[in-house]
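Quick notes on the structure that follows.
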Amino acid sequence: MVARSMGICGIGVVSAYGWNRRSLWEGLMSGKPAASIVPELNRFPGDTVWAAYVAQGGDPVDGPSRFARAMRAAAREAIDDAGARGWRPGRRVGLLHAVVLGEVDLWRDFYVTRGGELPVHDYLALMPSTPMSTFMQEYGFHGPAMNVSAMCASGNAGLITAKAWLDAGIVDDVVFVATDLSLTPENVSHFVRLGVAIVDAEPLDACRPFQEGSRGFVMGEASVAFVLSRNAVNPYALTLGGAMSHDAYHVTSIDPRLDQVTACFTDALDNAGVSAADVRYLNAHGPGTAQCDTAEAAVLDQLFGPDTGIYSVKPLTGHCQGAASAIEVAVTAMAYDKGTIPASPVVAPAHPRLLDGPTPLRGGLTVKSSLGMGGHNSVVVLAPPA
């Protein structure tokens with residue numbers, strides 16, 4: 001099992017809690033949601049929009065946008081962290097960047113404010129290849145570099161892709177970054193119209209995964225980076241395996257039969273070479289929507305024993321869209337390192353196996369599931385360091 005595993009050697013995080021992983025951990029442990037009222041996201045006068053919005057920050061040298069600065073800040077923190085924990089890069093370091101909606105602020109400005117006119121140098125900042133190229137130049141990495149996109153499942157997709165690269169011998173190490181800073185008034189309002197995002201209530205009143213009274217999710221943003229390697233000296237956690245599938249059913253809804261969702265869980269366990277009895281925690285997608293919570297609760301009850309607990313951090317971090325599963329993997333990895341799961345507080349009658357607030361970690365495996373819009377199913381299996 002250990003021979004096939006991939007170590008999470010370093011972590012970097014930019015979130016609505018702040019521009020480093022420590023602020024994420026402290027925010028989660030406080031039990032206070034990262035979301036606040038964000039006037040910049042109001043579409044009409046008098047709107048109230050709660051969101052876990054990433055404030056301005058980072059290094060202006062990294063680009064004109066929050067997106068570019070956050071991507072580079074998270075990646076640098078992960079690399080520095082991995083180096084401090086003993087990782088040394090091999091000859092072929094690859095880069096994966098999970099992106100669903102990229103430079104939305106710059107594209108919005110390009111069309112709305114500038115009328116489609118920009119100097120060539122500024123136009124290049126809009127390209128998804130530009131932050132990747134400048135990152136590879138900064139570190140002198142020469143492995144493959146590409147984007148990954150699977151809606152909310154993009155973080156899991158990136159981990160599975162990185163492991164496939166390592167399994168195939170294509171790379172020696174991978175830097176994986178998932179970035180989603182896509183909150184604009186237009187994007188937020190359309191998720192509200194879809195009936196899944198709640199903006200007019202405080203997070204714990206709106207988003208209550210696996211609890212009574214949940215209305216949906218509060219939207220969030222993040223950029224999260226990992227250094228992934230088999231040459232891990234002191235990893236946070238091990239990625240043992242995973243699986244992805246597609247419902248091929250509907251552009252927004254989950255197939256109520258749950259055949260593909262359930263099969264994705266069992267395929268991930270098979271790929272990792274473990275059994276459901278080994279799993280102690282399900283770090284769920286858990287957005288607080290009726291269909292997703294119902295689906296994951298059904299899989300929990302069907303596949304996993306009574307000692308398997310379930311939790312979701314979306315009430316605290318917000319739903320970080322394309323970076324959602326990445327920030328949630330970071331939570332599990334840091335929980336193994338610190339011995340505590342920073343679960344969200346339970347505020348209403350709930351599933352009997354839902355963790356309530358910070359919980360001492362008992363060891364064992366964690367399954368991380370993410371169900372992306374359009375039918376993307378993904379599951380990864382994480383383990384404490386050997």
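Labeling convention for the structure tokens: chains A, B, ... as they appear, residues from 1 per chain, ligands from 1 in order of appearance.
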Please return, as JSON, numbers by chain, all residues of stretch 164-311 of chain A that DSSP assigns to alpha helix (DSSP H) on the basis of the backbone. {"A": [164, 165, 166, 167, 168, 185, 186, 187, 188, 189, 190, 191, 192, 193, 203, 204, 205, 206, 259, 260, 261, 262, 263, 264, 265, 266, 267, 268, 269, 270, 271, 272, 290, 291, 292, 293, 294, 295, 296, 297, 298, 299, 300, 301, 302, 303]}
Take the selection from the previous step and output its residues with C-alpha atoms, as a PDB file, in the first residue's frame.
ATOM      1  CA  ALA A 164      -1.371   8.706 -12.581  1.00  0.00           C
ATOM      2  CA  TRP A 165       1.654  10.727 -13.724  1.00  0.00           C
ATOM      3  CA  LEU A 166       3.732   9.299 -10.885  1.00  0.00           C
ATOM      4  CA  ASP A 167       2.476   5.752 -11.482  1.00  0.00           C
ATOM      5  CA  ALA A 168       3.391   6.050 -15.171  1.00  0.00           C
ATOM      6  CA  PRO A 185     -22.114  39.851  -9.042  1.00  0.00           C
ATOM      7  CA  GLU A 186     -23.180  38.050 -12.220  1.00  0.00           C
ATOM      8  CA  ASN A 187     -21.784  34.637 -11.272  1.00  0.00           C
ATOM      9  CA  VAL A 188     -23.226  34.776  -7.767  1.00  0.00           C
ATOM     10  CA  SER A 189     -26.683  35.788  -8.943  1.00  0.00           C
ATOM     11  CA  HIS A 190     -26.849  32.923 -11.427  1.00  0.00           C
ATOM     12  CA  PHE A 191     -26.017  30.338  -8.763  1.00  0.00           C
ATOM     13  CA  VAL A 192     -28.796  31.857  -6.684  1.00  0.00           C
ATOM     14  CA  ARG A 193     -31.155  31.496  -9.647  1.00  0.00           C
ATOM     15  CA  PRO A 203     -23.622  30.810   6.727  1.00  0.00           C
ATOM     16  CA  LEU A 204     -24.661  28.541   9.592  1.00  0.00           C
ATOM     17  CA  ASP A 205     -28.303  29.506   9.085  1.00  0.00           C
ATOM     18  CA  ALA A 206     -28.131  28.729   5.352  1.00  0.00           C
ATOM     19  CA  ASP A 259     -25.451   3.795  -9.393  1.00  0.00           C
ATOM     20  CA  GLN A 260     -22.475   5.782 -10.666  1.00  0.00           C
ATOM     21  CA  VAL A 261     -21.908   7.647  -7.410  1.00  0.00           C
ATOM     22  CA  THR A 262     -21.841   4.413  -5.412  1.00  0.00           C
ATOM     23  CA  ALA A 263     -19.623   2.692  -7.980  1.00  0.00           C
ATOM     24  CA  CYS A 264     -17.176   5.596  -7.795  1.00  0.00           C
ATOM     25  CA  PHE A 265     -16.774   4.992  -4.055  1.00  0.00           C
ATOM     26  CA  THR A 266     -16.235   1.260  -4.471  1.00  0.00           C
ATOM     27  CA  ASP A 267     -13.867   1.770  -7.420  1.00  0.00           C
ATOM     28  CA  ALA A 268     -11.801   4.211  -5.339  1.00  0.00           C
ATOM     29  CA  LEU A 269     -11.519   1.713  -2.486  1.00  0.00           C
ATOM     30  CA  ASP A 270     -10.492  -1.000  -4.959  1.00  0.00           C
ATOM     31  CA  ASN A 271      -7.954   1.304  -6.590  1.00  0.00           C
ATOM     32  CA  ALA A 272      -6.460   2.115  -3.198  1.00  0.00           C
ATOM     33  CA  ALA A 290     -30.893  18.337  -0.586  1.00  0.00           C
ATOM     34  CA  GLN A 291     -29.824  16.088  -3.464  1.00  0.00           C
ATOM     35  CA  CYS A 292     -26.089  16.025  -2.679  1.00  0.00           C
ATOM     36  CA  ASP A 293     -26.520  15.518   1.044  1.00  0.00           C
ATOM     37  CA  THR A 294     -29.110  12.796   0.479  1.00  0.00           C
ATOM     38  CA  ALA A 295     -26.804  11.012  -1.971  1.00  0.00           C
ATOM     39  CA  GLU A 296     -23.740  11.025   0.270  1.00  0.00           C
ATOM     40  CA  ALA A 297     -25.712  10.051   3.372  1.00  0.00           C
ATOM     41  CA  ALA A 298     -27.147   7.099   1.450  1.00  0.00           C
ATOM     42  CA  VAL A 299     -23.667   5.963   0.374  1.00  0.00           C
ATOM     43  CA  LEU A 300     -22.379   6.356   3.934  1.00  0.00           C
ATOM     44  CA  ASP A 301     -25.169   4.185   5.296  1.00  0.00           C
ATOM     45  CA  GLN A 302     -24.847   1.598   2.520  1.00  0.00           C
ATOM     46  CA  LEU A 303     -21.074   1.138   2.294  1.00  0.00           C
TER      47      LEU A 303
END
With only C-alpha atoms counted and 10 Å as the cut-off, give the residues of stretch 186-263 of chain A in contact with stretch 63-84 of chain A, each with its shortest interatomic distance in Å and the pair that gives it, as a tab-separated table.
residue	atom	partner	partner_atom	distance
A:Glu221	CA	A:Phe67	CA	9.9
A:Ala222	CA	A:Ala70	CA	7.9
A:Ser223	CA	A:Met71	CA	5.8
A:Val224	CA	A:Ala74	CA	5.7
A:Ala225	CA	A:Ala75	CA	5.2
A:Phe226	CA	A:Ala78	CA	5.6
A:Val227	CA	A:Ala78	CA	6.1
A:Leu228	CA	A:Ala82	CA	9.1
A:Ala232	CA	A:Ala82	CA	8.8
A:Val233	CA	A:Ala82	CA	9.2
A:Asn234	CA	A:Ala82	CA	8.5
A:Pro235	CA	A:Ala82	CA	8.2
A:Tyr236	CA	A:Ala82	CA	9.7
Could those residues be written to a file, using N, CA, C and O atoms, as an mmCIF file, in the first residue's frame?
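Done, and the output landed in result-v2.cif:
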data_model
loop_
_atom_site.group_PDB
_atom_site.id
_atom_site.type_symbol
_atom_site.label_atom_id
_atom_site.label_comp_id
_atom_site.auth_asym_id
_atom_site.auth_seq_id
_atom_site.Cartn_x
_atom_site.Cartn_y
_atom_site.Cartn_z
ATOM 1 N N GLU A 221 -14.276 31.233 -2.214
ATOM 2 C CA GLU A 221 -13.126 31.279 -3.115
ATOM 3 C C GLU A 221 -11.904 30.705 -2.398
ATOM 4 O O GLU A 221 -11.825 30.723 -1.165
ATOM 5 N N ALA A 222 -10.946 30.226 -3.172
ATOM 6 C CA ALA A 222 -9.687 29.735 -2.600
ATOM 7 C C ALA A 222 -8.692 29.430 -3.702
ATOM 8 O O ALA A 222 -9.065 29.207 -4.860
ATOM 9 N N SER A 223 -7.431 29.413 -3.324
ATOM 10 C CA SER A 223 -6.378 28.789 -4.110
ATOM 11 C C SER A 223 -5.597 27.899 -3.155
ATOM 12 O O SER A 223 -5.182 28.346 -2.082
ATOM 13 N N VAL A 224 -5.457 26.633 -3.528
ATOM 14 C CA VAL A 224 -4.844 25.638 -2.648
ATOM 15 C C VAL A 224 -3.788 24.877 -3.432
ATOM 16 O O VAL A 224 -4.038 24.456 -4.571
ATOM 17 N N ALA A 225 -2.623 24.707 -2.843
ATOM 18 C CA ALA A 225 -1.521 24.037 -3.528
ATOM 19 C C ALA A 225 -0.970 22.898 -2.691
ATOM 20 O O ALA A 225 -0.959 22.956 -1.454
ATOM 21 N N PHE A 226 -0.502 21.868 -3.399
ATOM 22 C CA PHE A 226 0.145 20.717 -2.772
ATOM 23 C C PHE A 226 1.430 20.396 -3.525
ATOM 24 O O PHE A 226 1.474 20.496 -4.760
ATOM 25 N N VAL A 227 2.435 19.961 -2.795
ATOM 26 C CA VAL A 227 3.572 19.275 -3.399
ATOM 27 C C VAL A 227 3.339 17.788 -3.185
ATOM 28 O O VAL A 227 3.127 17.335 -2.052
ATOM 29 N N LEU A 228 3.344 17.030 -4.288
ATOM 30 C CA LEU A 228 2.994 15.615 -4.270
ATOM 31 C C LEU A 228 4.181 14.792 -4.766
ATOM 32 O O LEU A 228 4.752 15.101 -5.820
ATOM 33 N N ALA A 232 8.635 11.382 -0.211
ATOM 34 C CA ALA A 232 8.182 12.182 0.920
ATOM 35 C C ALA A 232 8.932 11.767 2.176
ATOM 36 O O ALA A 232 8.945 10.589 2.537
ATOM 37 N N VAL A 233 9.553 12.742 2.833
ATOM 38 C CA VAL A 233 10.273 12.476 4.069
ATOM 39 C C VAL A 233 9.336 12.575 5.267
ATOM 40 O O VAL A 233 9.339 11.727 6.156
ATOM 41 N N ASN A 234 8.528 13.613 5.281
ATOM 42 C CA ASN A 234 7.625 13.869 6.413
ATOM 43 C C ASN A 234 6.287 14.364 5.881
ATOM 44 O O ASN A 234 5.911 15.512 6.099
ATOM 45 N N PRO A 235 5.536 13.517 5.196
ATOM 46 C CA PRO A 235 4.302 13.984 4.562
ATOM 47 C C PRO A 235 3.186 14.241 5.579
ATOM 48 O O PRO A 235 3.167 13.661 6.666
ATOM 49 N N TYR A 236 2.271 15.108 5.179
ATOM 50 C CA TYR A 236 1.059 15.316 5.978
ATOM 51 C C TYR A 236 0.168 14.076 5.934
ATOM 52 O O TYR A 236 -0.443 13.692 6.924
#
From A:Gln211, A:Asn20, A:Thr308, A:Ser15, residue lying nearest A:Pro345 [only C-alpha atoms]: A:Gln211
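The two atoms in question, atom CA of A:Cys207 and atom CA of A:Leu316, are spaced 9.1 Å apart.
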Provide the atom CA of A:Met29 to atom CA of A:Cys9 distance in Å, to one decimal place.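 Those two atoms sit 22.3 Å apart.
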Excluding A:Asp278 and residues on its chain fewer than 6 positions from it, collect all residues at most 12 Å away from it, counting only C-alpha atoms, and give them as a list in words. Leu269, Ala272, Leu303, Phe304, Gly305, Pro306, Asp307, Thr308, Gly363, Gly364, Leu365, Thr366, Val367, Val381, Leu382 and Ala383 of chain A
Considering only C-alpha atoms, give me a table of residues in stretch 252-328 of chain A that are at most 12 Å from stretch 11-14 of chain A, with the closest atom pair and distance in Å for each, as JSON lines.
{"residue": "A:Thr317", "atom": "CA", "partner": "A:Val14", "partner_atom": "CA", "distance": 11.1}
{"residue": "A:Cys320", "atom": "CA", "partner": "A:Val14", "partner_atom": "CA", "distance": 11.1}
{"residue": "A:Ala323", "atom": "CA", "partner": "A:Val13", "partner_atom": "CA", "distance": 10.5}
{"residue": "A:Ala324", "atom": "CA", "partner": "A:Val13", "partner_atom": "CA", "distance": 11.9}
{"residue": "A:Ala326", "atom": "CA", "partner": "A:Val13", "partner_atom": "CA", "distance": 9.6}
{"residue": "A:Ile327", "atom": "CA", "partner": "A:Val13", "partner_atom": "CA", "distance": 7.6}
{"residue": "A:Glu328", "atom": "CA", "partner": "A:Val13", "partner_atom": "CA", "distance": 11.0}
Within 6 Å of stretch 146-153 of chain A: each stretch 26-141 of chain A residue with its shortest pair, only C-alpha atoms, as JSON lines:
{"residue": "A:Leu96", "atom": "CA", "partner": "A:Met146", "partner_atom": "CA", "distance": 5.3}
{"residue": "A:His97", "atom": "CA", "partner": "A:Asn147", "partner_atom": "CA", "distance": 4.7}
{"residue": "A:Ala98", "atom": "CA", "partner": "A:Val148", "partner_atom": "CA", "distance": 4.5}
{"residue": "A:Val99", "atom": "CA", "partner": "A:Ser149", "partner_atom": "CA", "distance": 5.5}
{"residue": "A:Val100", "atom": "CA", "partner": "A:Ser149", "partner_atom": "CA", "distance": 5.5}
Distance criterion (only C-alpha atoms): nearest to A:Ala145 out of A:Ala125, A:Leu95, A:Ala55, A:Ala243: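 Closest to A:Ala145 of all the choices is A:Leu95.
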Per-residue nearest contacts of stretch 47-101 of chain A to stretch 128-143 of chain A (6 Å; only C-alpha atoms) as a tab-separated table:
residue	atom	partner	partner_atom	distance
A:Arg92	CA	A:Gly143	CA	4.7
A:Val93	CA	A:Gly143	CA	4.7
A:Gly94	CA	A:Gly143	CA	4.1
Okay, now the selection with N, CA, C and O atoms, as a compact mmCIF listing (two decimals), in the first residue's frame?
# COMPACT_ATOMS: atom_id res chain seq x y z
N ARG A 92 12.26 15.89 -12.81
CA ARG A 92 11.06 16.21 -13.59
C ARG A 92 9.92 16.57 -12.64
O ARG A 92 9.24 15.69 -12.11
N VAL A 93 9.74 17.86 -12.43
CA VAL A 93 8.64 18.35 -11.59
C VAL A 93 7.55 18.88 -12.50
O VAL A 93 7.77 19.80 -13.30
N GLY A 94 6.37 18.29 -12.42
CA GLY A 94 5.24 18.72 -13.24
C GLY A 94 4.34 19.68 -12.48
O GLY A 94 4.39 19.77 -11.25
Give me, please, the distance in Å between atom CA of A:Pro287 and atom CA of A:Pro315, quoted to one decimal.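 Going from atom CA of A:Pro287 over to atom CA of A:Pro315 covers 7.9 Å.
Here the residues within stretch 64-239 of chain A that DSSP labels strand (DSSP E) on the basis of the backbone are Val93, Gly94, Leu95, Leu96, His97, Ala98, Ala145, Met146, Asn147, Val148, Asp173, Val174, Val175, Phe176, Val177, Ala178, Thr179, Asp180, Ala222, Ser223, Val224, Ala225, Phe226, Val227, Leu228, Ser229, Ala237, Leu238 and Thr239 of chain A.
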Counting only C-alpha atoms, the residue of A:Met219, A:Ile341, A:Leu282, A:Ala348 that sits nearest A:Val196: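 The shortest atom-to-atom distance to A:Val196 comes from A:Met219.
Nearest to A:Ala237 of all the residues A:Val104, A:Leu194, A:Ile8, A:Ala284 is A:Ile8, based on only C-alpha atoms.
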Point out the residue among A:Asp180, A:Gly220, A:Ser214, A:Arg91 with the least atom-to-atom distance to A:Val49, counting only C-alpha atoms.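 Distance minimum relative to A:Val49 lands on A:Gly220.
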Using only C-alpha atoms, which of A:Leu240, A:Leu361, A:Leu24, A:Val120 sits nearest A:Ala335? A:Leu361
